[in-house]
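Structure record follows, encoded as structure tokens.
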Amino acid sequence: MSDQTFEIKTHGVDAEKLVAEIRAVAEQKMADGVYADARIARAERLNLANLRNADEFLNFYLKCLRDAAFVDISDFPIRERRAFLGPALVALKKVIWGLLKFYTYRLWSQQNQVNGLLVTAVEGVDQKYAAKIQALEQRVQALEKQVAELSKVGKGN
Amino acid sequence: MARADRIAFVAPRFAEGGTVGGAETLLKNLAEHAAAAGRQVTFLTTCAQSHFSWENTLPPGRRKVGNMDVHFFPVDADRDVGAFLRAQQQIDRGGVVPAHVEETWIRNSVNSRALCDYLKAHGGDFDCILAGPYLFGVTYHAAQVWSQKTFLVPCLHDEVFAYLGIMRGMFGGVAGCLFNSEPERDLAQRLYNFPAAKSAVVGMGLDAFEADATAFAKRRGLAAPYVMYSGRRETLKGTPLLCGYLHAFRERTGRDLKLVCTGSGPIEAPPEFVDHIIDLGFVSEQEKHEAMAGAVAFVHPSVNESFGIVLLEAWLARTPGLVHAKSAVLRWQCQQANGGLWFRHYPDFEEALLRLLDDAALRRALGQNGRAYVERAYAWPAVEQRLFQALETIG
């Protein structure tokens, strides 16, 4: 019985259809923001050259980048894995962190500002050129239409 | 046309021992099978083993390897590596490159005047000459000695070097081309307007094998599922991308998935992912096949392949493929076989991998389809028939 089921599945599998299904799910999740994740921005950086012609993907990547641009500078719990002198080490680390906190906050908040400005600039450039390209495409279409009409008139004469 | 009885093969390296490489392996296997089929085979190659240094590490001279006569010739010692690298950098940047830069590049590539001199003197003894892969000086110059009876086995990729004017000249001058796949043939047609009548898709044969899907994990004490990659580990092959994706996959999904690798080269991976890589290096064919058989999928992240031998091997192990959609060849193989899935970017990759991890029946079905495809299209008798038919009808 199970063999029969396996046979049916073997012959029934359609890689093209499966990939189309997977793409539809992935695209829906991208639209829902499931993949707007700094970890993906990092993993995807080596794939960008392969996605040069994928306009929609660039928008998605910029969303991931926005998530990645801001370094988490909020306070964090200080722990110590070693049991021996654990509480003393935690106390020492807290003192050191207390001394350094101000300087690192200053540094990272400036870095976050720069990162945020850069992402905004990239998004702005992308939007600007997307709008320009759209306008040019519309103009080309209108000109092509005019040329087609003129050639019809020419043939008629 | 007459039967091709005396065949010469030309390759920059001879695939033996530690010398491996897809194109070299392909040419050697074709040569071995031609010799086993009763053809008189001479293999002309260099004394180099390393594709980094191209140092002459093997003694020059003639050696009998199986039924073949293998002639080893030294790589020219006077190549100007600096000039070669400068020209290569200029070509790498893309765009139009002046003819003199192309000439500098090929003149200082891996060349062997001794090999070409031998071909000039003895080329008349052969019915045909098969030379490849396309982007080496050895192949380029050898293809011009007896161009009217030379067949390129180009292993062509869609890369900047394929767009050079000198390559158009080489493809235009030879008797024919033996491609590994339809997309490779389409690429040659697109780049060089290479006529279909002068080309054939031959590929390489693979012997079917049986591998125990549980043996590798048992031997290594591996309880977690894993995906597999075999081959050179470098940016061009996409291994850093694969490691980055798998690291993100583990972090995002919480699944404990490992990566098993065979082959050579350092693995560039996020530091947190390094502990989840099982790097086998060079292993026996049996161990590689067992590792493949136990994998959730064989992942091939390269976008520049002309054949994809390891993907076909994975299918023989009944393991599904997961390949980069940008690789026309690997995607074509998956479509032809119905044996694998392809991804454009991380979201596709995550969805596809989750499907494969969670659906054992799907994995079996894709793996089984892959195996049936390789047995049908890449069994040696079928490949030999395509090879001899091409040599005897083209030209």
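Labels used: A, B, ... for chains in the order of the structure tokens, numbers from 1 for residues in each chain, and numbers from 1 for ligands as shown.
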Quick one: residues within 8 Å of region 19-31 of chain A, only C-alpha atoms, excluding same-chain residues fewer than 4 positions away - as a PDB file with N, CA, C and O atoms, in the first residue's frame?
ATOM      1  N   ALA A  15       8.651  19.557 -10.423  1.00  0.00           N
ATOM      2  CA  ALA A  15       9.578  20.539  -9.833  1.00  0.00           C
ATOM      3  C   ALA A  15       9.189  21.976 -10.188  1.00  0.00           C
ATOM      4  O   ALA A  15       9.242  22.861  -9.330  1.00  0.00           O
ATOM      5  N   TYR A  35      10.321  38.466   6.169  1.00  0.00           N
ATOM      6  CA  TYR A  35      11.754  38.356   5.875  1.00  0.00           C
ATOM      7  C   TYR A  35      12.513  39.670   6.041  1.00  0.00           C
ATOM      8  O   TYR A  35      13.669  39.744   5.632  1.00  0.00           O
ATOM      9  N   ALA A  36      11.868  40.694   6.571  1.00  0.00           N
ATOM     10  CA  ALA A  36      12.596  41.952   6.801  1.00  0.00           C
ATOM     11  C   ALA A  36      13.477  41.764   8.028  1.00  0.00           C
ATOM     12  O   ALA A  36      13.070  42.010   9.154  1.00  0.00           O
ATOM     13  N   PHE A  60      12.846  44.856  -1.279  1.00  0.00           N
ATOM     14  CA  PHE A  60      12.834  43.975  -0.118  1.00  0.00           C
ATOM     15  C   PHE A  60      14.173  44.051   0.629  1.00  0.00           C
ATOM     16  O   PHE A  60      14.216  44.145   1.857  1.00  0.00           O
TER      17      PHE A  60
ATOM     18  N   LEU B 341      15.012  21.506  -6.742  1.00  0.00           N
ATOM     19  CA  LEU B 341      14.359  22.821  -6.677  1.00  0.00           C
ATOM     20  C   LEU B 341      15.426  23.894  -6.874  1.00  0.00           C
ATOM     21  O   LEU B 341      16.618  23.609  -6.747  1.00  0.00           O
ATOM     22  N   TRP B 342      15.007  25.110  -7.161  1.00  0.00           N
ATOM     23  CA  TRP B 342      15.970  26.180  -7.364  1.00  0.00           C
ATOM     24  C   TRP B 342      15.495  27.436  -6.647  1.00  0.00           C
ATOM     25  O   TRP B 342      14.301  27.650  -6.488  1.00  0.00           O
ATOM     26  N   PRO B 347      14.717  34.111   0.777  1.00  0.00           N
ATOM     27  CA  PRO B 347      13.350  33.656   1.064  1.00  0.00           C
ATOM     28  C   PRO B 347      12.977  32.374   0.303  1.00  0.00           C
ATOM     29  O   PRO B 347      12.390  31.451   0.879  1.00  0.00           O
ATOM     30  N   ASP B 348      13.344  32.283  -0.964  1.00  0.00           N
ATOM     31  CA  ASP B 348      13.103  31.048  -1.727  1.00  0.00           C
ATOM     32  C   ASP B 348      13.843  29.874  -1.087  1.00  0.00           C
ATOM     33  O   ASP B 348      13.320  28.767  -0.972  1.00  0.00           O
ATOM     34  N   GLU B 351      12.194  28.678   2.183  1.00  0.00           N
ATOM     35  CA  GLU B 351      10.940  27.948   1.927  1.00  0.00           C
ATOM     36  C   GLU B 351      11.219  26.569   1.338  1.00  0.00           C
ATOM     37  O   GLU B 351      10.607  25.572   1.735  1.00  0.00           O
ATOM     38  N   ALA B 352      12.146  26.521   0.371  1.00  0.00           N
ATOM     39  CA  ALA B 352      12.445  25.247  -0.298  1.00  0.00           C
ATOM     40  C   ALA B 352      13.065  24.258   0.679  1.00  0.00           C
ATOM     41  O   ALA B 352      12.697  23.070   0.702  1.00  0.00           O
TER      42      ALA B 352
END
Q: Enumerate as a PyMOL selection string all residues of chain A assigned to alpha helix (DSSP H) by DSSP on the backbone, naming them with the chain letters and numbers the document uses.
A: chain A and resi 2-12+15-31+38-44+55-69+86-156
Q: Record the distance separating CA of Ala314 (chain B) and CA of Cys261 (chain B), expressed in Å with one decimal.
A: 12.8 Å
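Take the candidates B:Leu246, B:Ile106, B:Ala379, B:Ala295 and check each one against Phe136 (chain B) using only C-alpha atoms; the shortest distance goes to B:Ile106.
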Q: Give me, as an NGL selection string, the contact residues of chain B against chain A at a cut-off of 6 Å, counting only C-alpha atoms.
A: :B and (241 or 244-245 or 248 or 338 or 347-348 or 365)
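Using only C-alpha atoms, the shortest contact distance between Arg39 (chain B) and any of B:Ala317, B:Phe388, B:Leu353, B:Ala213 is found at B:Phe388.
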**Q.** Surrounding residues of region 99-112 of chain A excluding itself and chain neighbours under 2 positions, 9 Å, only C-alpha atoms, as number ranges by chain
**A.** A: 69-75, 94-97, 114-117
Q: Could you tell me how far CA of Leu30 (chain B) lies from CA of Gly123 (chain B), in Å and to one decimal?
A: 19.3 Å
**Q.** Polymer residues at most 10 Å from Thr104 (chain B), only C-alpha atoms, same-chain spacing of 2 or more positions, as a count of residues only
**A.** 15
Q. Leaving out Ser50 (chain B) and any residue of its chain fewer than 4 positions from it, which residues lie within 12 Å of it when counting only C-alpha atoms, given as a list in words?
A. Pro12, Arg13, Phe14, Ala15, Glu16, Gly17, Gly18, Thr19, Val20, Gly21, Thr46, Trp54, Glu55, Asn56, Thr57, Leu58, Val75, Val110 and Ser264 of chain B
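Nearest to Glu305 (chain B) of all the residues B:Ala325, B:Leu259, B:Cys155, B:Ala188 is B:Cys155, based on only C-alpha atoms.
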Q | Residues of region 138-384 of chain B in strand (DSSP E), written as an MDAnalysis selection string | A | chainID B and resid 150:152 176:179 199:201 226:230 258:262 277:281 298:300 321:324 340:343
Q.
When you look at region 6-11 of chain B with a cut-off of 8 Å (counting only C-alpha atoms), what residues show up, excluding the ones that are within fewer than 3 positions of it in the same chain? I need them as number ranges by chain.
A. B: 14, 24, 27, 31, 39-46, 125-133, 138-139, 142
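Compared by their closest atoms to His157 (chain B), and using only C-alpha atoms, the residues B:Leu206, B:Leu236, B:Val383, B:Leu322 rank with B:Leu236 nearest.
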Q) Quick one: of B:Gly22, B:Pro301, B:Pro195, B:Gly231, who's nearest to Pro154 (chain B), counting only C-alpha atoms? A)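 Ranking B:Gly22, B:Pro301, B:Pro195, B:Gly231 by distance to Pro154 (chain B), first place goes to B:Gly22.
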I'd like the contact shell of region 296-298 of chain B - 8 Å cut-off, only C-alpha atoms, skipping same-chain residues fewer than 4 positions apart - returned as a short mmCIF file (atom, residue, chain, number, x, y, z; two decimals) with all heavy atoms, in the first residue's frame.
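Dumped everything to out.cif:
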data_model
loop_
_atom_site.label_atom_id
_atom_site.label_comp_id
_atom_site.auth_asym_id
_atom_site.auth_seq_id
_atom_site.Cartn_x
_atom_site.Cartn_y
_atom_site.Cartn_z
N PRO B 225 20.00 16.46 10.94
CA PRO B 225 19.97 16.41 9.48
C PRO B 225 21.04 17.33 8.89
O PRO B 225 21.50 18.26 9.55
CB PRO B 225 18.56 16.92 9.14
CG PRO B 225 18.15 17.74 10.31
CD PRO B 225 18.83 17.14 11.51
N TYR B 226 21.41 17.05 7.65
CA TYR B 226 22.44 17.88 7.01
C TYR B 226 22.18 18.02 5.53
O TYR B 226 21.51 17.21 4.91
CB TYR B 226 23.84 17.30 7.25
CG TYR B 226 24.08 15.94 6.65
CD1 TYR B 226 24.57 15.79 5.35
CD2 TYR B 226 23.81 14.79 7.37
CE1 TYR B 226 24.80 14.54 4.80
CE2 TYR B 226 24.02 13.53 6.83
CZ TYR B 226 24.52 13.41 5.54
OH TYR B 226 24.74 12.16 4.99
N VAL B 227 22.73 19.12 4.99
CA VAL B 227 22.77 19.28 3.54
C VAL B 227 24.22 19.11 3.12
O VAL B 227 25.13 19.20 3.94
CB VAL B 227 22.23 20.65 3.06
CG1 VAL B 227 20.74 20.75 3.31
CG2 VAL B 227 22.98 21.80 3.70
N MET B 228 24.41 18.87 1.83
CA MET B 228 25.76 18.51 1.38
C MET B 228 26.21 19.41 0.24
O MET B 228 25.40 19.87 -0.57
CB MET B 228 25.65 17.06 0.89
CG MET B 228 26.83 16.51 0.19
SD MET B 228 27.66 15.34 1.24
CE MET B 228 29.14 15.06 0.29
N TYR B 229 27.51 19.68 0.20
CA TYR B 229 28.13 20.37 -0.94
C TYR B 229 29.45 19.66 -1.25
O TYR B 229 30.20 19.32 -0.33
CB TYR B 229 28.39 21.85 -0.63
CG TYR B 229 29.24 22.50 -1.70
CD1 TYR B 229 28.67 22.91 -2.90
CD2 TYR B 229 30.62 22.64 -1.55
CE1 TYR B 229 29.46 23.45 -3.91
CE2 TYR B 229 31.41 23.18 -2.54
CZ TYR B 229 30.83 23.58 -3.73
OH TYR B 229 31.61 24.10 -4.73
N MET B 292 26.36 11.74 0.54
CA MET B 292 25.32 12.30 -0.34
C MET B 292 23.98 11.62 -0.10
O MET B 292 22.94 12.28 -0.03
CB MET B 292 25.72 12.11 -1.81
CG MET B 292 26.75 13.09 -2.30
SD MET B 292 27.25 12.69 -4.00
CE MET B 292 28.11 14.20 -4.46
N LEU B 311 26.12 17.29 -8.90
CA LEU B 311 24.65 17.24 -8.78
C LEU B 311 24.15 15.90 -9.32
O LEU B 311 23.28 15.25 -8.72
CB LEU B 311 24.01 18.41 -9.53
CG LEU B 311 22.49 18.43 -9.59
CD1 LEU B 311 21.89 18.62 -8.19
CD2 LEU B 311 21.98 19.52 -10.51
N ALA B 314 24.88 13.23 -6.87
CA ALA B 314 23.93 13.27 -5.74
C ALA B 314 22.62 12.61 -6.15
O ALA B 314 21.99 11.91 -5.35
CB ALA B 314 23.68 14.72 -5.31
N THR B 319 19.41 11.66 -3.85
CA THR B 319 19.26 12.86 -3.03
C THR B 319 18.81 14.03 -3.90
O THR B 319 19.39 14.25 -4.97
CB THR B 319 20.61 13.19 -2.34
OG1 THR B 319 20.92 12.11 -1.47
CG2 THR B 319 20.56 14.47 -1.54
N PRO B 320 17.79 14.77 -3.49
CA PRO B 320 17.33 15.88 -4.33
C PRO B 320 18.34 17.02 -4.38
O PRO B 320 19.17 17.17 -3.49
CB PRO B 320 16.04 16.34 -3.63
CG PRO B 320 16.17 15.88 -2.23
CD PRO B 320 17.00 14.64 -2.25
N GLY B 321 18.26 17.82 -5.42
CA GLY B 321 19.15 18.96 -5.57
C GLY B 321 18.44 20.23 -5.14
O GLY B 321 17.21 20.32 -5.19
N LEU B 322 19.23 21.21 -4.72
CA LEU B 322 18.71 22.55 -4.44
C LEU B 322 19.76 23.49 -5.01
O LEU B 322 20.87 23.57 -4.50
CB LEU B 322 18.53 22.75 -2.93
CG LEU B 322 17.99 24.11 -2.47
CD1 LEU B 322 16.66 24.44 -3.12
CD2 LEU B 322 17.84 24.14 -0.95
N LEU B 356 11.74 20.56 1.97
CA LEU B 356 12.53 19.33 1.85
C LEU B 356 12.76 18.67 3.20
O LEU B 356 12.69 17.45 3.32
CB LEU B 356 13.87 19.63 1.17
CG LEU B 356 13.80 19.99 -0.31
CD1 LEU B 356 15.14 20.54 -0.81
CD2 LEU B 356 13.39 18.79 -1.16
N LEU B 357 12.98 19.49 4.21
CA LEU B 357 13.22 18.94 5.56
C LEU B 357 11.97 18.23 6.09
O LEU B 357 12.07 17.19 6.74
CB LEU B 357 13.60 20.07 6.52
CG LEU B 357 15.08 20.38 6.68
CD1 LEU B 357 15.24 21.70 7.42
CD2 LEU B 357 15.81 19.29 7.43
N ARG B 363 11.27 14.36 -0.82
CA ARG B 363 12.72 14.14 -1.01
C ARG B 363 12.96 12.86 -1.79
O ARG B 363 13.76 12.83 -2.73
CB ARG B 363 13.44 14.02 0.34
CG ARG B 363 13.51 15.29 1.14
CD ARG B 363 14.63 15.24 2.17
NE ARG B 363 14.55 14.13 3.10
CZ ARG B 363 13.89 14.17 4.26
NH1 ARG B 363 13.24 15.25 4.61
NH2 ARG B 363 13.89 13.12 5.07
#
